[in-house]
$ cat data-v2.cif   # mmCIF, C-alpha atoms and all ligand atoms
data_data
loop_
_atom_site.label_atom_id
_atom_site.label_comp_id
_atom_site.auth_asym_id
_atom_site.auth_seq_id
_atom_site.Cartn_x
_atom_site.Cartn_y
_atom_site.Cartn_z
CA MET A 1 58.79 61.63 23.87
CA SER A 2 58.55 65.13 25.37
CA ALA A 3 55.09 66.41 26.40
CA ILE A 4 53.47 68.96 24.10
CA PRO A 5 53.01 72.19 26.10
CA VAL A 6 49.39 73.20 26.61
CA GLN A 7 48.68 76.36 24.63
CA GLN A 8 47.60 79.18 26.99
CA VAL A 9 44.75 81.02 25.37
CA GLY A 10 44.82 84.65 26.54
CA ARG A 11 41.49 86.29 27.32
CA THR A 12 40.35 89.51 25.81
CA LEU A 13 39.73 91.97 28.61
CA TYR A 14 37.24 94.81 28.39
CA ILE A 15 38.37 97.53 30.75
CA HIS A 16 35.77 100.21 31.37
CA ILE A 17 37.32 103.31 32.90
CA LEU A 18 35.50 106.26 34.40
CA ARG A 19 37.00 109.25 32.61
CA HIS A 20 36.70 112.84 33.78
CA ASN A 21 38.93 115.89 33.87
CA PRO A 22 37.62 118.28 36.56
CA CYS A 23 39.91 121.03 35.23
CA ASP A 24 38.16 121.03 31.85
CA PRO A 25 34.73 122.70 32.03
CA LEU A 26 33.68 120.77 28.91
CA SER A 27 34.60 117.37 30.36
CA GLU A 28 31.70 115.11 31.26
CA ALA A 29 32.17 111.97 33.34
CA HIS A 30 31.75 108.88 31.15
CA LEU A 31 32.91 105.28 30.90
CA GLN A 32 35.42 104.53 28.16
CA THR A 33 36.07 100.92 27.19
CA PHE A 34 39.49 99.60 26.20
CA GLU A 35 40.04 96.14 24.80
CA LEU A 36 43.31 94.34 25.39
CA GLU A 37 44.79 90.86 25.42
CA GLU A 38 45.50 89.51 28.86
CA ALA A 39 49.14 88.56 29.48
CA ASP A 40 50.51 86.10 32.01
CA ALA A 41 50.73 87.53 35.54
CA MET A 42 49.18 90.77 34.32
CA THR A 43 48.28 93.23 37.06
CA LEU A 44 45.87 96.12 36.64
CA PHE A 45 48.89 98.39 36.82
CA ILE A 46 50.38 96.64 33.76
CA ALA A 47 47.04 96.74 31.96
CA LEU A 48 46.66 100.48 32.62
CA ASN A 49 50.19 101.14 31.38
CA GLU A 50 49.45 99.20 28.23
CA ILE A 51 46.32 101.27 27.68
CA ARG A 52 48.26 104.48 28.20
CA GLU A 53 51.08 103.38 25.90
CA ASN A 54 49.04 101.84 23.09
CA HIS A 55 45.57 103.37 23.26
CA ASP A 56 45.32 106.68 25.10
CA PRO A 57 48.33 108.63 26.48
CA SER A 58 45.97 111.05 28.23
CA LEU A 59 44.74 108.42 30.74
CA GLN A 60 45.51 109.56 34.30
CA PHE A 61 46.31 107.14 37.13
CA ASP A 62 48.90 107.07 39.92
CA PHE A 63 51.64 104.65 40.85
CA VAL A 64 55.12 104.84 42.33
CA CYS A 65 56.34 101.57 43.81
CA ARG A 66 54.34 98.87 41.93
CA ALA A 67 54.75 96.72 45.03
CA GLY A 68 51.93 97.63 47.43
CA ILE A 69 54.17 99.95 49.45
CA CYS A 70 53.54 103.56 48.41
CA GLY A 71 49.72 103.46 48.54
CA SER A 72 49.26 105.64 45.46
CA CYS A 73 47.43 103.24 43.11
CA GLY A 74 44.20 102.80 45.09
CA MET A 75 41.05 102.76 42.93
CA ILE A 76 37.61 101.20 42.77
CA ILE A 77 37.92 97.85 41.02
CA ASN A 78 34.58 96.32 40.07
CA GLY A 79 32.95 98.19 42.92
CA ARG A 80 35.57 97.50 45.62
CA PRO A 81 38.55 99.61 46.68
CA GLY A 82 41.92 98.01 46.02
CA LEU A 83 45.48 98.55 44.83
CA ALA A 84 45.95 98.32 41.05
CA CYS A 85 49.53 97.10 41.38
CA ARG A 86 48.52 94.18 43.64
CA THR A 87 45.46 93.08 41.64
CA LEU A 88 45.96 90.34 39.08
CA THR A 89 43.62 90.45 36.09
CA LYS A 90 43.33 86.65 36.27
CA ASP A 91 41.38 87.11 39.52
CA LEU A 92 38.84 89.35 37.77
CA PRO A 93 36.16 88.66 35.14
CA ASP A 94 36.62 89.67 31.47
CA ASN A 95 34.80 92.93 32.11
CA ILE A 96 36.59 95.18 34.57
CA THR A 97 35.24 98.54 35.65
CA LEU A 98 37.64 101.05 37.21
CA ALA A 99 36.72 104.29 38.96
CA PRO A 100 38.61 106.76 41.17
CA LEU A 101 38.40 106.42 44.95
CA PRO A 102 35.50 108.51 46.26
CA ALA A 103 35.88 110.94 49.20
CA PHE A 104 39.15 112.35 47.80
CA GLU A 105 39.70 115.30 45.50
CA LEU A 106 39.67 114.10 41.89
CA ILE A 107 42.74 115.05 39.88
CA GLY A 108 41.60 113.29 36.72
CA ASP A 109 40.33 109.86 35.60
CA LEU A 110 41.67 107.38 38.22
CA SER A 111 43.99 109.82 39.95
CA VAL A 112 42.89 111.32 43.29
CA ASN A 113 44.62 113.53 45.84
CA THR A 114 44.90 111.18 48.82
CA GLY A 115 48.01 113.08 49.95
CA LYS A 116 46.03 116.26 50.65
CA TRP A 117 43.43 114.33 52.66
CA MET A 118 46.06 112.40 54.65
CA ARG A 119 48.02 115.56 55.40
CA GLY A 120 44.87 117.31 56.67
CA MET A 121 44.07 114.33 58.90
CA SER A 122 47.64 114.15 60.13
CA GLU A 123 47.76 117.86 61.03
CA GLN A 124 44.39 117.67 62.77
CA LEU A 125 45.46 114.70 64.90
CA GLU A 126 49.08 115.84 65.26
CA THR A 127 50.38 112.45 64.28
CA TRP A 128 53.88 112.79 65.58
CA VAL A 129 55.52 111.95 68.92
CA HIS A 130 54.92 114.80 71.39
CA SER A 131 57.81 114.92 73.83
CA GLN A 132 58.32 118.30 75.47
CA GLY A 133 61.44 119.37 77.29
CA LEU A 134 63.69 117.02 75.35
CA GLU A 135 64.76 119.54 72.69
CA ASN A 136 68.17 120.08 74.31
CA ALA A 137 68.70 116.55 75.57
CA ASP A 138 71.71 114.60 74.32
CA ILE A 139 71.13 111.75 71.95
CA ASP A 140 71.83 109.02 74.56
CA SER A 141 69.08 110.22 76.86
CA LEU A 142 66.67 110.37 73.94
CA GLU A 143 67.15 106.69 73.17
CA GLN A 144 64.82 104.51 75.17
CA THR A 145 64.50 100.78 75.24
CA MET A 146 61.10 99.34 74.42
CA GLU A 147 59.59 95.96 75.17
CA PRO A 148 59.71 93.84 71.99
CA GLU A 149 55.96 93.13 72.25
CA LEU A 150 55.21 96.85 72.33
CA ALA A 151 57.60 97.56 69.45
CA GLU A 152 55.82 94.83 67.50
CA GLN A 153 52.41 96.37 68.26
CA LEU A 154 53.59 99.78 67.03
CA TYR A 155 55.16 98.24 63.95
CA GLU A 156 51.89 96.48 63.13
CA LEU A 157 49.98 99.80 63.19
CA GLU A 158 52.69 101.57 61.21
CA ARG A 159 52.22 99.22 58.27
CA CYS A 160 49.48 101.59 56.99
CA ILE A 161 50.44 102.89 53.54
CA GLU A 162 47.79 105.68 53.50
CA CYS A 163 46.22 104.29 50.34
CA GLY A 164 42.73 105.56 51.21
CA CYS A 165 40.96 102.24 50.59
CA CYS A 166 39.49 102.23 54.13
CA ILE A 167 38.03 105.70 53.56
CA ALA A 168 36.55 104.76 50.19
CA ALA A 169 35.01 101.64 51.77
CA CYS A 170 33.44 103.49 54.71
CA GLY A 171 29.84 104.71 54.54
CA THR A 172 30.46 107.25 57.30
CA ALA A 173 33.47 108.75 55.50
CA LEU A 174 31.40 109.10 52.32
CA MET A 175 28.66 110.94 54.24
CA ARG A 176 30.79 113.07 56.58
CA GLU A 177 33.64 115.10 55.13
CA ASP A 178 35.14 115.64 58.59
CA PHE A 179 35.27 111.95 59.55
CA ILE A 180 38.89 110.94 60.16
CA GLY A 181 38.15 107.33 59.29
CA ALA A 182 39.84 104.13 60.27
CA VAL A 183 43.21 105.42 59.05
CA GLY A 184 43.02 108.38 61.48
CA LEU A 185 41.78 106.28 64.39
CA ASN A 186 44.56 103.81 63.69
CA GLN A 187 47.08 106.67 63.94
CA ILE A 188 45.68 107.80 67.28
CA THR A 189 46.00 104.30 68.70
CA ARG A 190 49.57 104.13 67.41
CA PHE A 191 50.66 107.33 69.21
CA GLN A 192 48.66 106.57 72.34
CA LEU A 193 50.50 103.26 72.68
CA ASP A 194 53.89 104.94 72.22
CA PRO A 195 55.47 105.59 75.66
CA ARG A 196 57.57 108.42 74.15
CA ASP A 197 54.43 110.43 73.41
CA GLN A 198 53.65 112.50 76.50
CA ARG A 199 50.07 113.36 75.59
CA SER A 200 47.54 112.22 78.18
CA ASP A 201 44.62 109.92 77.37
CA ALA A 202 42.30 112.90 77.85
CA GLN A 203 44.25 114.88 75.25
CA PHE A 204 43.98 112.02 72.76
CA TYR A 205 40.27 111.67 73.35
CA GLN A 206 39.75 115.37 72.85
CA LEU A 207 41.05 114.82 69.33
CA VAL A 208 38.78 111.90 68.45
CA GLY A 209 35.99 111.78 71.03
CA ASP A 210 33.17 113.06 68.83
CA ASP A 211 31.24 112.21 65.66
CA SER A 212 34.16 113.12 63.42
CA GLY A 213 36.16 110.52 65.32
CA VAL A 214 35.40 107.38 67.21
CA PHE A 215 31.67 108.08 67.69
CA GLY A 216 31.12 108.61 63.96
CA CYS A 217 32.11 105.00 63.30
CA MET A 218 29.00 102.87 62.79
CA THR A 219 30.96 99.58 62.80
CA LEU A 220 30.32 99.06 59.10
CA LEU A 221 33.61 97.10 58.88
CA GLY A 222 34.30 97.97 55.22
CA CYS A 223 37.59 99.50 56.34
CA GLU A 224 38.97 96.26 57.72
CA ASP A 225 37.56 94.17 54.86
CA MET A 226 39.20 96.37 52.21
CA CYS A 227 42.51 97.29 53.86
CA PRO A 228 45.20 95.88 51.54
CA LYS A 229 47.60 95.62 54.50
CA GLN A 230 45.05 93.63 56.56
CA LEU A 231 45.32 95.99 59.51
CA PRO A 232 43.06 95.14 62.46
CA LEU A 233 41.15 98.41 62.08
CA ALA A 234 37.84 97.45 63.68
CA THR A 235 39.71 95.99 66.65
CA GLN A 236 41.63 99.25 67.08
CA ILE A 237 38.43 101.29 67.00
CA ALA A 238 36.82 99.00 69.61
CA PHE A 239 40.00 99.32 71.72
CA LEU A 240 39.83 103.13 71.55
CA ARG A 241 36.17 103.10 72.56
CA ARG A 242 36.88 100.85 75.53
CA ARG A 243 39.81 103.02 76.68
CA MET A 244 37.67 106.16 76.37
CA ALA A 245 34.98 104.63 78.56
CA MET A 246 37.62 104.11 81.27
CA VAL A 247 38.83 107.75 81.35
FE1 LIG B 301 45.12 101.85 53.37
FE2 LIG B 301 44.71 100.16 55.42
FE3 LIG B 301 46.05 102.42 55.81
FE4 LIG B 301 43.44 102.49 55.35
S1 LIG B 301 44.46 101.61 57.14
S2 LIG B 301 44.94 103.84 54.45
S3 LIG B 301 43.19 100.81 53.90
S4 LIG B 301 46.66 100.72 54.52
FE1 LIG B 302 33.72 103.05 58.72
FE2 LIG B 302 35.22 101.07 59.50
FE3 LIG B 302 33.70 102.32 61.24
S1 LIG B 302 34.02 101.14 57.66
S2 LIG B 302 31.97 102.99 60.04
S3 LIG B 302 35.42 103.20 60.14
S4 LIG B 302 34.19 100.14 61.19
FE1 LIG B 303 52.61 101.71 45.14
FE2 LIG B 303 50.58 100.38 44.10
S1 LIG B 303 52.04 101.58 43.05
S2 LIG B 303 51.04 100.68 46.19
#
$ encode --input "data-v2.cif" --output "C-alpha cells"
Amino acid sequence: MSAIPVQQVGRTLYIHILRHNPCDPLSEAHLQTFELEEADAMTLFIALNEIRENHDPSLQFDFVCRAGICGSCGMIINGRPGLACRTLTKDLPDNITLAPLPAFELIGDLSVNTGKWMRGMSEQLETWVHSQGLENADIDSLEQTMEPELAEQLYELERCIECGCCIAACGTALMREDFIGAVGLNQITRFQLDPRDQRSDAQFYQLVGDDSGVFGCMTLLGCEDMCPKQLPLATQIAFLRRRMAMV
C-alpha cells in the first residue's frame, strides 16, 4: 500500500513594508501590511513580486539577478540587512518587517540608490589599477603572471557584490556620511595587494588614513556578520591598520 503524502499546510505571512515616496511631498512614511499564503521554497523576492502583482503594483523594490550576484535587492529584513532573493520565508517568522537600507538615498519604498554611493566611494578611492607608462605597451608585455595564491586572494576580495549590507550594518557609516565603510576598505586592500597597481603604500594610506577611512572603524563587526558573501571584512581592516603602522 502506498504511503499517504503528508499535507503541507502553508502559513499565512504578514509582510509589513515601510512605504514612502520621497518625490511626493504628500507621502508620509508608514508601514503597510500585506497578507499572503506562503509557497514552497518561497523567497522574499518571490513574496514581493506576488505582492506587486496581486496587491499593489506601485510597490518599489530592486532586483536583477535573483541569484545573489547583482547586489541590488539588499533591504532590512526584520531588523537585519540581507538580500531578498537569498532569504527564504521559511527561515523567518509569520510576521516579516521590511525596510529600505539606511545610509543610501531612498528612491521609494524598498528601493535605494546604492549605485550612487558605490560610485562616489569608487571615485574617491580610485578603485582601478594604476599603471603609468604602459599606455603604449604591446599586449604581451601587459600580461603578467601571478602566483596562484595571490590570484586567489584577489579573487576572494573581488567577490563583493556592492549590495550595501555592510554599510547598513555599520554604526559608524550611519553616523558619518563620509565613512567609506568596510566595502571601501576592502577595495583598498584589493588594489594594494595587486602587483600591477603602482601606487605606493603611502599613497594608499593617504586615501584611507583618517576618520573617514580606517580610523573611523570602531570594530563593531556588523559588516562581517551581515555580508552575504561572507567576506573577511574585519580581518582586512585589521590588516590595513597593521600595514599602516609599519609605514
Ligand atoms: Fe555587500 Fe559584503 Fe560587498 Fe559589503 S563587502 S557591499 S556586505 S558583498
Ligand atoms: Fe563598521 Fe565593520 Fe568597522 S561594522 S565600525 S566597518 S568593523
Ligand atoms: Fe541580485 Fe538579489 S536580485 S542579488
$ atom_distance --input "data-v2.cif" --atom1 "atom CA of Ala202 of chain A" --atom2 "atom CA of Arg243 of chain A"
10.3 Å
$ closest_atom_pairs --input "data-v2.cif" --of "segment 120-216 of chain A" --to "segment 98-111 of chain A" --cutoff "12 Å" --atoms "all atoms listed in the file" --output "CSV"
residue,atom,partner,partner_atom,distance
A:Gly120,CA,A:Phe104,CA,11.7
A:Cys163,CA,A:Leu101,CA,9.7
A:Gly164,CA,A:Leu101,CA,7.7
A:Cys165,CA,A:Leu101,CA,7.5
A:Cys166,CA,A:Leu101,CA,10.1
A:Ile167,CA,A:Ala103,CA,7.1
A:Ala168,CA,A:Pro102,CA,5.5
A:Ala169,CA,A:Pro102,CA,8.8
A:Cys170,CA,A:Ala103,CA,9.6
A:Gly171,CA,A:Ala103,CA,10.2
A:Thr172,CA,A:Ala103,CA,10.4
A:Ala173,CA,A:Ala103,CA,7.1
A:Leu174,CA,A:Ala103,CA,5.8
A:Met175,CA,A:Ala103,CA,8.8
A:Arg176,CA,A:Ala103,CA,9.2
A:Glu177,CA,A:Ala103,CA,7.6
A:Asp178,CA,A:Ala103,CA,10.5
A:Phe179,CA,A:Ala103,CA,10.4
A:Ile180,CA,A:Ala103,CA,11.4
A:Gly181,CA,A:Ala103,CA,11.0
$ closest_residue --input "data-v2.cif" --among "A:Ala151, A:Met75, A:Leu88, A:Ala29" --to "ligand LIG 301 (chain B)" --atoms "all atoms listed in the file"
A:Met75
$ closest_atom_pairs --input "data-v2.cif" --of "chain A" --to "ligand LIG 301 (chain B)" --cutoff "8 Å" --atoms "only C-alpha atoms and all ligand atoms" --output "JSON lines"
{"residue": "A:Gly71", "atom": "CA", "partner": "B:LIG301", "partner_atom": "FE1", "distance": 6.9}
{"residue": "A:Arg159", "atom": "CA", "partner": "B:LIG301", "partner_atom": "S4", "distance": 6.9}
{"residue": "A:Cys160", "atom": "CA", "partner": "B:LIG301", "partner_atom": "FE3", "distance": 3.7}
{"residue": "A:Ile161", "atom": "CA", "partner": "B:LIG301", "partner_atom": "S4", "distance": 4.5}
{"residue": "A:Glu162", "atom": "CA", "partner": "B:LIG301", "partner_atom": "S2", "distance": 3.5}
{"residue": "A:Cys163", "atom": "CA", "partner": "B:LIG301", "partner_atom": "FE1", "distance": 4.0}
{"residue": "A:Gly164", "atom": "CA", "partner": "B:LIG301", "partner_atom": "S2", "distance": 4.3}
{"residue": "A:Cys165", "atom": "CA", "partner": "B:LIG301", "partner_atom": "S3", "distance": 4.2}
{"residue": "A:Cys166", "atom": "CA", "partner": "B:LIG301", "partner_atom": "S3", "distance": 4.0}
{"residue": "A:Ile167", "atom": "CA", "partner": "B:LIG301", "partner_atom": "FE4", "distance": 6.5}
{"residue": "A:Ala182", "atom": "CA", "partner": "B:LIG301", "partner_atom": "S1", "distance": 6.1}
{"residue": "A:Val183", "atom": "CA", "partner": "B:LIG301", "partner_atom": "S1", "distance": 4.4}
{"residue": "A:Asn186", "atom": "CA", "partner": "B:LIG301", "partner_atom": "S1", "distance": 6.9}
{"residue": "A:Cys223", "atom": "CA", "partner": "B:LIG301", "partner_atom": "S3", "distance": 6.2}
{"residue": "A:Glu224", "atom": "CA", "partner": "B:LIG301", "partner_atom": "S3", "distance": 7.3}
{"residue": "A:Met226", "atom": "CA", "partner": "B:LIG301", "partner_atom": "S3", "distance": 6.2}
{"residue": "A:Cys227", "atom": "CA", "partner": "B:LIG301", "partner_atom": "S3", "distance": 3.6}
{"residue": "A:Pro228", "atom": "CA", "partner": "B:LIG301", "partner_atom": "FE2", "distance": 5.8}
{"residue": "A:Lys229", "atom": "CA", "partner": "B:LIG301", "partner_atom": "S4", "distance": 5.2}
{"residue": "A:Gln230", "atom": "CA", "partner": "B:LIG301", "partner_atom": "FE2", "distance": 6.6}
{"residue": "A:Leu231", "atom": "CA", "partner": "B:LIG301", "partner_atom": "FE2", "distance": 5.9}
{"residue": "A:Leu233", "atom": "CA", "partner": "B:LIG301", "partner_atom": "S1", "distance": 6.8}
$ closest_residue --input "data-v2.cif" --among "A:Arg11, A:Arg190, A:Arg66, A:Arg241" --to "ligand LIG 302 (chain B)" --atoms "all atoms listed in the file"
A:Arg241
$ residues_near_ligand --input "data-v2.cif" --ligand "ligand LIG 303 (chain B)" --cutoff "7 Å" --atoms "all atoms listed in the file" --output "PDB file with C-alpha atoms, in the coordinates of the input"
ATOM      1  CA  PHE A  63      51.640 104.650  40.850  1.00  0.00           C
ATOM      2  CA  VAL A  64      55.120 104.840  42.330  1.00  0.00           C
ATOM      3  CA  CYS A  65      56.340 101.570  43.810  1.00  0.00           C
ATOM      4  CA  ARG A  66      54.340  98.870  41.930  1.00  0.00           C
ATOM      5  CA  ALA A  67      54.750  96.720  45.030  1.00  0.00           C
ATOM      6  CA  GLY A  68      51.930  97.630  47.430  1.00  0.00           C
ATOM      7  CA  ILE A  69      54.170  99.950  49.450  1.00  0.00           C
ATOM      8  CA  CYS A  70      53.540 103.560  48.410  1.00  0.00           C
ATOM      9  CA  GLY A  71      49.720 103.460  48.540  1.00  0.00           C
ATOM     10  CA  SER A  72      49.260 105.640  45.460  1.00  0.00           C
ATOM     11  CA  CYS A  73      47.430 103.240  43.110  1.00  0.00           C
ATOM     12  CA  GLY A  74      44.200 102.800  45.090  1.00  0.00           C
ATOM     13  CA  LEU A  83      45.480  98.550  44.830  1.00  0.00           C
ATOM     14  CA  ALA A  84      45.950  98.320  41.050  1.00  0.00           C
ATOM     15  CA  CYS A  85      49.530  97.100  41.380  1.00  0.00           C
ATOM     16  CA  ARG A  86      48.520  94.180  43.640  1.00  0.00           C
TER      17      ARG A  86
END
$ residues_around --input "data-v2.cif" --residues "Ile77 of chain A" --least-positions-apart "3" --cutoff "8 Å" --atoms "all atoms listed in the file" --output "ChimeraX atom specification"
/A:80-82,96-99
$ closest_residue --input "data-v2.cif" --among "A:Pro93, A:Pro232, A:Gly213, A:Gly133" --to "Met121 of chain A" --atoms "all atoms listed in the file"
A:Gly213
$ closest_residue --input "data-v2.cif" --among "A:Ala47, A:Leu26, A:Leu193, A:Met42" --to "Leu150 of chain A" --atoms "only C-alpha atoms"
A:Leu193
$ atom_distance --input "data-v2.cif" --atom1 "atom S4 of ligand LIG 302 (chain B)" --atom2 "atom CA of Leu92 of chain A"
26.2 Å
$ atom_distance --input "data-v2.cif" --atom1 "atom CA of Glu37 of chain A" --atom2 "atom CA of His16 of chain A"
14.3 Å
$ closest_residue --input "data-v2.cif" --among "A:Thr12, A:Thr219, A:Gln153, A:Gln236" --to "ligand LIG 302 (chain B)" --atoms "all atoms listed in the file"
A:Thr219
$ residues_around --input "data-v2.cif" --residues "Glu123 of chain A" --least-positions-apart "5" --cutoff "12 Å" --atoms "all atoms listed in the file" --output "MDAnalysis selection string"
chainID A and resid 116:118 128 180 184 187 207
$ axis_aligned_box --input "data-v2.cif" --around "segment 59-62 of chain A" --padding-each-side "3 Å" --output "AutoDock Vina command-line options"
--center_x 46.8 --center_y 108.3 --center_z 35.3 --size_x 10.2 --size_y 8.5 --size_z 15.2
$ closest_residue --input "data-v2.cif" --among "A:Asp140, A:Glu35, A:Glu152, A:Glu50" --to "Asn95 of chain A" --atoms "only C-alpha atoms"
A:Glu35
$ build_atoms --input "data-v2.cif" --residues "segment 194-208 of chain A" --atoms "N, CA, C and O atoms" --output "PDB file, in the frame of the given file"
ATOM      1  N   ASP A 194      52.455 104.642  72.222  1.00  0.00           N
ATOM      2  CA  ASP A 194      53.890 104.940  72.220  1.00  0.00           C
ATOM      3  C   ASP A 194      54.287 105.630  73.531  1.00  0.00           C
ATOM      4  O   ASP A 194      53.840 106.747  73.813  1.00  0.00           O
ATOM      5  N   PRO A 195      55.124 104.991  74.365  1.00  0.00           N
ATOM      6  CA  PRO A 195      55.470 105.590  75.660  1.00  0.00           C
ATOM      7  C   PRO A 195      56.254 106.896  75.523  1.00  0.00           C
ATOM      8  O   PRO A 195      56.346 107.677  76.470  1.00  0.00           O
ATOM      9  N   ARG A 196      56.817 107.174  74.340  1.00  0.00           N
ATOM     10  CA  ARG A 196      57.570 108.420  74.150  1.00  0.00           C
ATOM     11  C   ARG A 196      56.648 109.609  73.959  1.00  0.00           C
ATOM     12  O   ARG A 196      57.053 110.754  74.082  1.00  0.00           O
ATOM     13  N   ASP A 197      55.383 109.338  73.613  1.00  0.00           N
ATOM     14  CA  ASP A 197      54.430 110.430  73.410  1.00  0.00           C
ATOM     15  C   ASP A 197      53.830 110.817  74.760  1.00  0.00           C
ATOM     16  O   ASP A 197      53.217 109.992  75.442  1.00  0.00           O
ATOM     17  N   GLN A 198      54.047 112.074  75.153  1.00  0.00           N
ATOM     18  CA  GLN A 198      53.650 112.500  76.500  1.00  0.00           C
ATOM     19  C   GLN A 198      52.209 112.998  76.587  1.00  0.00           C
ATOM     20  O   GLN A 198      51.790 113.482  77.635  1.00  0.00           O
ATOM     21  N   ARG A 199      51.460 112.907  75.503  1.00  0.00           N
ATOM     22  CA  ARG A 199      50.070 113.360  75.590  1.00  0.00           C
ATOM     23  C   ARG A 199      49.275 112.432  76.506  1.00  0.00           C
ATOM     24  O   ARG A 199      49.489 111.216  76.508  1.00  0.00           O
ATOM     25  N   SER A 200      48.356 113.030  77.269  1.00  0.00           N
ATOM     26  CA  SER A 200      47.540 112.220  78.180  1.00  0.00           C
ATOM     27  C   SER A 200      46.399 111.574  77.400  1.00  0.00           C
ATOM     28  O   SER A 200      46.064 112.006  76.288  1.00  0.00           O
ATOM     29  N   ASP A 201      45.781 110.554  78.007  1.00  0.00           N
ATOM     30  CA  ASP A 201      44.620 109.920  77.370  1.00  0.00           C
ATOM     31  C   ASP A 201      43.549 110.967  77.080  1.00  0.00           C
ATOM     32  O   ASP A 201      42.936 110.966  76.011  1.00  0.00           O
ATOM     33  N   ALA A 202      43.339 111.870  78.038  1.00  0.00           N
ATOM     34  CA  ALA A 202      42.300 112.900  77.850  1.00  0.00           C
ATOM     35  C   ALA A 202      42.605 113.760  76.627  1.00  0.00           C
ATOM     36  O   ALA A 202      41.703 114.124  75.871  1.00  0.00           O
ATOM     37  N   GLN A 203      43.882 114.069  76.431  1.00  0.00           N
ATOM     38  CA  GLN A 203      44.250 114.880  75.250  1.00  0.00           C
ATOM     39  C   GLN A 203      43.978 114.115  73.953  1.00  0.00           C
ATOM     40  O   GLN A 203      43.478 114.674  72.976  1.00  0.00           O
ATOM     41  N   PHE A 204      44.277 112.823  73.955  1.00  0.00           N
ATOM     42  CA  PHE A 204      43.980 112.020  72.760  1.00  0.00           C
ATOM     43  C   PHE A 204      42.475 111.987  72.489  1.00  0.00           C
ATOM     44  O   PHE A 204      42.031 112.133  71.360  1.00  0.00           O
ATOM     45  N   TYR A 205      41.704 111.813  73.565  1.00  0.00           N
ATOM     46  CA  TYR A 205      40.270 111.670  73.350  1.00  0.00           C
ATOM     47  C   TYR A 205      39.612 112.978  72.940  1.00  0.00           C
ATOM     48  O   TYR A 205      38.579 112.975  72.292  1.00  0.00           O
ATOM     49  N   GLN A 206      40.262 114.083  73.307  1.00  0.00           N
ATOM     50  CA  GLN A 206      39.750 115.370  72.850  1.00  0.00           C
ATOM     51  C   GLN A 206      39.833 115.443  71.310  1.00  0.00           C
ATOM     52  O   GLN A 206      39.023 116.074  70.657  1.00  0.00           O
ATOM     53  N   LEU A 207      40.847 114.788  70.780  1.00  0.00           N
ATOM     54  CA  LEU A 207      41.050 114.820  69.330  1.00  0.00           C
ATOM     55  C   LEU A 207      40.054 113.955  68.580  1.00  0.00           C
ATOM     56  O   LEU A 207      39.712 114.240  67.434  1.00  0.00           O
ATOM     57  N   VAL A 208      39.608 112.866  69.201  1.00  0.00           N
ATOM     58  CA  VAL A 208      38.780 111.900  68.450  1.00  0.00           C
ATOM     59  C   VAL A 208      37.471 111.534  69.144  1.00  0.00           C
ATOM     60  O   VAL A 208      36.754 110.665  68.644  1.00  0.00           O
TER      61      VAL A 208
END
